[in-house]
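**Student:** My structure file run_33.csv, CSV, N, CA and C atoms, is below:
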```csv
chain,number,residue,atom,x,y,z
A,155,ASP,N,25.9,102.0,152.9
A,155,ASP,CA,26.4,101.0,153.7
A,155,ASP,C,27.7,101.4,154.5
A,156,TRP,N,27.8,101.0,155.7
A,156,TRP,CA,29.0,101.3,156.5
A,156,TRP,C,29.9,100.0,156.6
A,157,TYR,N,31.2,100.2,156.4
A,157,TYR,CA,32.2,99.2,156.5
A,157,TYR,C,33.1,99.6,157.7
A,158,LEU,N,33.2,98.7,158.7
A,158,LEU,CA,34.0,99.0,159.9
A,158,LEU,C,35.2,98.2,159.9
A,159,ASP,N,36.4,98.8,159.9
A,159,ASP,CA,37.7,98.2,160.1
A,159,ASP,C,38.3,98.6,161.4
A,160,LEU,N,38.8,97.7,162.1
A,160,LEU,CA,39.5,98.0,163.4
A,160,LEU,C,40.8,97.3,163.5
A,161,SER,N,41.7,98.0,164.2
A,161,SER,CA,43.1,97.4,164.5
A,161,SER,C,43.5,97.9,165.8
A,162,ALA,N,44.1,97.0,166.6
A,162,ALA,CA,44.7,97.3,167.9
A,162,ALA,C,46.1,96.7,168.1
A,163,GLU,N,47.0,97.4,168.6
A,163,GLU,CA,48.4,96.9,168.8
A,163,GLU,C,48.8,97.1,170.2
A,164,MET,N,49.5,96.1,170.8
A,164,MET,CA,50.1,96.2,172.1
A,164,MET,C,51.5,95.8,172.2
A,165,PRO,N,52.4,96.6,172.7
A,165,PRO,CA,53.8,96.2,172.8
A,165,PRO,C,53.9,95.1,173.9
A,166,LEU,N,54.7,94.1,173.7
A,166,LEU,CA,54.9,93.0,174.7
A,166,LEU,C,55.8,93.5,175.8
A,167,ASP,N,56.6,94.5,175.7
A,167,ASP,CA,57.4,94.9,176.8
A,167,ASP,C,56.6,95.6,177.9
A,168,LEU,N,55.3,95.8,177.7
A,168,LEU,CA,54.4,96.3,178.7
A,168,LEU,C,53.9,95.1,179.6
A,169,VAL,N,54.0,93.9,179.1
A,169,VAL,CA,53.5,92.7,179.8
A,169,VAL,C,54.6,92.1,180.6
A,170,THR,N,55.8,92.1,180.0
A,170,THR,CA,56.9,91.4,180.7
A,170,THR,C,58.2,92.2,180.6
A,171,ASP,N,59.1,91.9,181.5
A,171,ASP,CA,60.4,92.6,181.5
A,171,ASP,C,61.5,91.9,180.7
A,172,ALA,N,61.1,90.8,180.1
A,172,ALA,CA,62.1,89.9,179.4
A,172,ALA,C,62.8,90.7,178.3
A,173,ARG,N,64.1,90.5,178.2
A,173,ARG,CA,64.9,91.2,177.2
A,173,ARG,C,64.4,90.9,175.8
A,174,LEU,N,64.0,89.7,175.5
A,174,LEU,CA,63.5,89.3,174.2
A,174,LEU,C,62.2,90.1,173.8
A,175,ALA,N,61.5,90.6,174.7
A,175,ALA,CA,60.2,91.3,174.4
A,175,ALA,C,60.5,92.7,173.9
A,176,LYS,N,61.7,93.2,174.1
A,176,LYS,CA,61.9,94.6,173.7
A,176,LYS,C,61.7,94.8,172.2
A,177,GLY,N,60.8,95.6,171.8
A,177,GLY,CA,60.4,95.8,170.4
A,177,GLY,C,59.4,94.9,169.8
A,178,ALA,N,59.0,93.9,170.6
A,178,ALA,CA,58.0,92.9,170.2
A,178,ALA,C,56.6,93.4,170.4
A,179,TYR,N,55.6,93.0,169.6
A,179,TYR,CA,54.3,93.5,169.7
A,179,TYR,C,53.3,92.4,169.2
A,180,VAL,N,52.0,92.5,169.6
A,180,VAL,CA,50.9,91.7,169.1
A,180,VAL,C,49.9,92.7,168.5
A,181,ARG,N,49.3,92.3,167.4
A,181,ARG,CA,48.3,93.1,166.7
A,181,ARG,C,47.1,92.3,166.4
A,182,LEU,N,45.9,92.8,166.6
A,182,LEU,CA,44.7,92.2,166.3
A,182,LEU,C,43.9,93.1,165.3
A,183,GLY,N,43.5,92.7,164.2
A,183,GLY,CA,42.8,93.5,163.3
A,183,GLY,C,41.6,92.8,162.7
A,184,ALA,N,40.7,93.6,162.2
A,184,ALA,CA,39.5,93.1,161.6
A,184,ALA,C,39.1,94.0,160.4
A,185,THR,N,38.8,93.4,159.3
A,185,THR,CA,38.3,94.1,158.1
A,185,THR,C,36.8,93.7,157.9
A,186,ASN,N,36.0,94.7,157.6
A,186,ASN,CA,34.5,94.5,157.5
A,186,ASN,C,34.0,93.8,158.7
A,187,LEU,N,34.2,94.3,159.8
A,187,LEU,CA,33.8,93.7,161.1
A,187,LEU,C,32.4,93.3,161.2
A,188,LEU,N,31.5,94.1,160.6
A,188,LEU,CA,30.1,93.9,160.6
A,188,LEU,C,29.6,92.9,159.5
A,189,ASP,N,30.5,92.4,158.7
A,189,ASP,CA,30.3,91.4,157.7
A,189,ASP,C,29.2,91.9,156.7
A,190,ASN,N,29.3,93.1,156.2
A,190,ASN,CA,28.3,93.6,155.3
A,190,ASN,C,28.7,93.2,153.8
A,191,LEU,N,27.6,92.9,153.0
A,191,LEU,CA,27.8,92.7,151.6
A,191,LEU,C,28.0,94.0,150.9
A,192,PRO,N,28.8,94.0,149.8
A,192,PRO,CA,28.9,95.2,149.0
A,192,PRO,C,27.6,95.7,148.4
A,193,SER,N,27.5,97.0,148.2
A,193,SER,CA,26.3,97.6,147.6
A,193,SER,C,26.2,97.1,146.1
A,194,TYR,N,24.9,97.0,145.6
A,194,TYR,CA,24.7,96.7,144.2
A,194,TYR,C,25.3,97.8,143.4
A,195,SER,N,25.9,97.4,142.3
A,195,SER,CA,26.5,98.4,141.3
A,195,SER,C,26.3,97.8,139.9
A,196,ASN,N,26.0,98.6,138.9
A,196,ASN,CA,25.9,98.2,137.6
A,196,ASN,C,27.2,98.3,136.9
A,197,PHE,N,28.3,97.8,137.5
A,197,PHE,CA,29.6,97.8,137.0
A,197,PHE,C,29.7,96.9,135.8
A,198,SER,N,30.3,97.3,134.7
A,198,SER,CA,30.3,96.5,133.5
A,198,SER,C,31.6,95.9,133.0
A,199,SER,N,32.6,95.7,133.8
A,199,SER,CA,33.9,95.2,133.4
A,199,SER,C,34.1,93.7,133.8
A,200,GLY,N,33.1,92.9,133.6
A,200,GLY,CA,33.2,91.5,133.9
A,200,GLY,C,32.7,91.1,135.3
A,201,TYR,N,32.4,92.1,136.1
A,201,TYR,CA,31.8,91.8,137.5
A,201,TYR,C,30.4,92.1,137.4
A,202,VAL,N,29.6,91.2,138.0
A,202,VAL,CA,28.1,91.4,138.0
A,202,VAL,C,27.6,91.7,139.4
A,203,GLY,N,27.1,92.9,139.5
A,203,GLY,CA,26.4,93.2,140.8
A,203,GLY,C,27.2,94.0,141.8
A,204,TYR,N,28.5,94.2,141.6
A,204,TYR,CA,29.3,95.0,142.6
A,204,TYR,C,30.5,95.6,141.9
A,205,ASP,N,31.0,96.7,142.4
A,205,ASP,CA,32.2,97.3,141.9
A,205,ASP,C,33.4,96.9,142.8
A,206,PRO,N,34.4,96.2,142.2
A,206,PRO,CA,35.5,95.7,143.0
A,206,PRO,C,36.4,96.8,143.5
A,207,ALA,N,36.3,98.0,143.0
A,207,ALA,CA,37.1,99.1,143.5
A,207,ALA,C,36.5,99.7,144.8
A,208,GLN,N,35.3,99.4,145.1
A,208,GLN,CA,34.6,99.9,146.3
A,208,GLN,C,34.5,98.9,147.4
A,209,ALA,N,34.4,97.6,147.1
A,209,ALA,CA,34.2,96.5,148.1
A,209,ALA,C,34.6,95.2,147.5
A,210,ASP,N,34.7,94.2,148.4
A,210,ASP,CA,35.0,92.8,147.9
A,210,ASP,C,34.0,91.9,148.5
A,211,LEU,N,34.0,90.7,148.0
A,211,LEU,CA,33.0,89.7,148.4
A,211,LEU,C,33.5,88.8,149.6
A,212,ILE,N,34.7,89.0,150.1
A,212,ILE,CA,35.3,88.2,151.1
A,212,ILE,C,34.5,88.2,152.4
A,213,GLY,N,34.0,89.4,152.7
A,213,GLY,CA,33.3,89.6,154.0
A,213,GLY,C,34.3,89.8,155.1
A,214,ARG,N,33.9,89.4,156.3
A,214,ARG,CA,34.7,89.7,157.5
A,214,ARG,C,36.0,88.9,157.5
A,215,MET,N,37.1,89.6,157.8
A,215,MET,CA,38.4,88.9,157.9
A,215,MET,C,39.1,89.4,159.2
A,216,VAL,N,39.5,88.5,160.0
A,216,VAL,CA,40.2,88.8,161.3
A,216,VAL,C,41.7,88.3,161.1
A,217,THR,N,42.6,89.2,161.6
A,217,THR,CA,44.0,88.8,161.5
A,217,THR,C,44.7,89.0,162.9
A,218,PHE,N,45.6,88.2,163.2
A,218,PHE,CA,46.4,88.2,164.4
A,218,PHE,C,47.9,88.2,164.0
A,219,THR,N,48.6,89.2,164.5
A,219,THR,CA,50.0,89.3,164.1
A,219,THR,C,50.9,89.4,165.3
A,220,VAL,N,52.0,88.7,165.3
A,220,VAL,CA,53.1,88.9,166.3
A,220,VAL,C,54.3,89.3,165.5
A,221,GLY,N,55.0,90.4,166.0
A,221,GLY,CA,56.1,90.9,165.2
A,221,GLY,C,57.1,91.6,166.2
A,222,ALA,N,58.1,92.1,165.6
A,222,ALA,CA,59.2,92.8,166.3
A,222,ALA,C,59.8,93.9,165.5
A,223,ARG,N,60.1,95.0,166.1
A,223,ARG,CA,60.8,96.1,165.5
A,223,ARG,C,62.2,96.2,166.0
A,224,PHE,N,63.2,96.4,165.1
A,224,PHE,CA,64.6,96.4,165.5
A,224,PHE,C,65.1,97.8,165.4
```
Using structure tokens, write down the structure from this file.
**Tutor:**
Amino acid sequence: DWYLDLSAEMPLDLVTDARLAKGAYVRLGATNLLDNLPSYSNFSSGYVGYDPAQADLIGRMVTFTVGARF
């Protein structure tokens, strides 16, 4: 199975000349973009059917971040 994670970041000072935008950025990220289920595993530490060290059951997760660097 393939798991695809992507992340892209853009500085806001490219969009505007505002003084407040200096060092500010926006970031869009996605984990497990294709929403694949974990592969079957005969892992025996309380989890049935998958190995939590290799994958999780959350599925696709998308994040949007606005931040600043000083």
**Student:** Write out as JSON, numbers by chain the residues lying within 6 Å of region 210-218 of chain A, counting all atoms listed in the file and excluding same-chain residues fewer than 4 positions away.
**Tutor:** {"A": [181, 182, 183, 184, 185, 186, 187, 189, 190, 192, 206]}
**Student:** For CA of Pro165 (chain A) and atom C of Gly177 (chain A), quote the distance in Å rounded to one decimal.
**Tutor:** 6.5 Å
**Student:** Between CA of Lys176 (chain A) and CA of Ala222 (chain A), what distance in Å does the model show, to one decimal?
**Tutor:**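 Computed distance, CA of Lys176 (chain A) to CA of Ala222 (chain A), equals 8.1 Å.
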**Student:** Please report the interatomic distance between atom N of Leu166 (chain A) and atom C of Leu188 (chain A) in Å with one decimal.
**Tutor:**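 So the two atoms, atom N of Leu166 (chain A) and atom C of Leu188 (chain A), lie 28.9 Å apart.
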**Student:** Per DSSP on the backbone, filter region 157-215 of chain A down to the residues in strand (DSSP E or B) and report them as a list in words.
**Tutor:**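 Output for region 157-215 of chain A, strand (DSSP E or B) only: Leu160, Ser161, Ala162, Glu163, Met164, Pro165, Ala178, Tyr179, Val180, Arg181, Leu182, Gly183, Ala184, Thr185, Ser195, Gly203 and Met215 of chain A.
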**Student:** Write the selection just made, keeping N, CA and C atoms, as a tab-separated table (two decimals), keeping the file's coordinate frame?
**Tutor:**
```tsv
chain	number	residue	atom	x	y	z
A	160	LEU	N	38.80	97.70	162.10
A	160	LEU	CA	39.50	98.00	163.40
A	160	LEU	C	40.80	97.30	163.50
A	161	SER	N	41.70	98.00	164.20
A	161	SER	CA	43.10	97.40	164.50
A	161	SER	C	43.50	97.90	165.80
A	162	ALA	N	44.10	97.00	166.60
A	162	ALA	CA	44.70	97.30	167.90
A	162	ALA	C	46.10	96.70	168.10
A	163	GLU	N	47.00	97.40	168.60
A	163	GLU	CA	48.40	96.90	168.80
A	163	GLU	C	48.80	97.10	170.20
A	164	MET	N	49.50	96.10	170.80
A	164	MET	CA	50.10	96.20	172.10
A	164	MET	C	51.50	95.80	172.20
A	165	PRO	N	52.40	96.60	172.70
A	165	PRO	CA	53.80	96.20	172.80
A	165	PRO	C	53.90	95.10	173.90
A	178	ALA	N	59.00	93.90	170.60
A	178	ALA	CA	58.00	92.90	170.20
A	178	ALA	C	56.60	93.40	170.40
A	179	TYR	N	55.60	93.00	169.60
A	179	TYR	CA	54.30	93.50	169.70
A	179	TYR	C	53.30	92.40	169.20
A	180	VAL	N	52.00	92.50	169.60
A	180	VAL	CA	50.90	91.70	169.10
A	180	VAL	C	49.90	92.70	168.50
A	181	ARG	N	49.30	92.30	167.40
A	181	ARG	CA	48.30	93.10	166.70
A	181	ARG	C	47.10	92.30	166.40
A	182	LEU	N	45.90	92.80	166.60
A	182	LEU	CA	44.70	92.20	166.30
A	182	LEU	C	43.90	93.10	165.30
A	183	GLY	N	43.50	92.70	164.20
A	183	GLY	CA	42.80	93.50	163.30
A	183	GLY	C	41.60	92.80	162.70
A	184	ALA	N	40.70	93.60	162.20
A	184	ALA	CA	39.50	93.10	161.60
A	184	ALA	C	39.10	94.00	160.40
A	185	THR	N	38.80	93.40	159.30
A	185	THR	CA	38.30	94.10	158.10
A	185	THR	C	36.80	93.70	157.90
A	195	SER	N	25.90	97.40	142.30
A	195	SER	CA	26.50	98.40	141.30
A	195	SER	C	26.30	97.80	139.90
A	203	GLY	N	27.10	92.90	139.50
A	203	GLY	CA	26.40	93.20	140.80
A	203	GLY	C	27.20	94.00	141.80
A	215	MET	N	37.10	89.60	157.80
A	215	MET	CA	38.40	88.90	157.90
A	215	MET	C	39.10	89.40	159.20
```
**Student:** Quick one: residues within 6.5 Å of Asp205 (chain A), only N, CA and C atoms counted, chain neighbours fewer than 2 positions away excluded, as JSON, numbers by chain?
**Tutor:** {"A": [193, 194, 195, 196, 197, 203, 207, 208, 209, 210]}
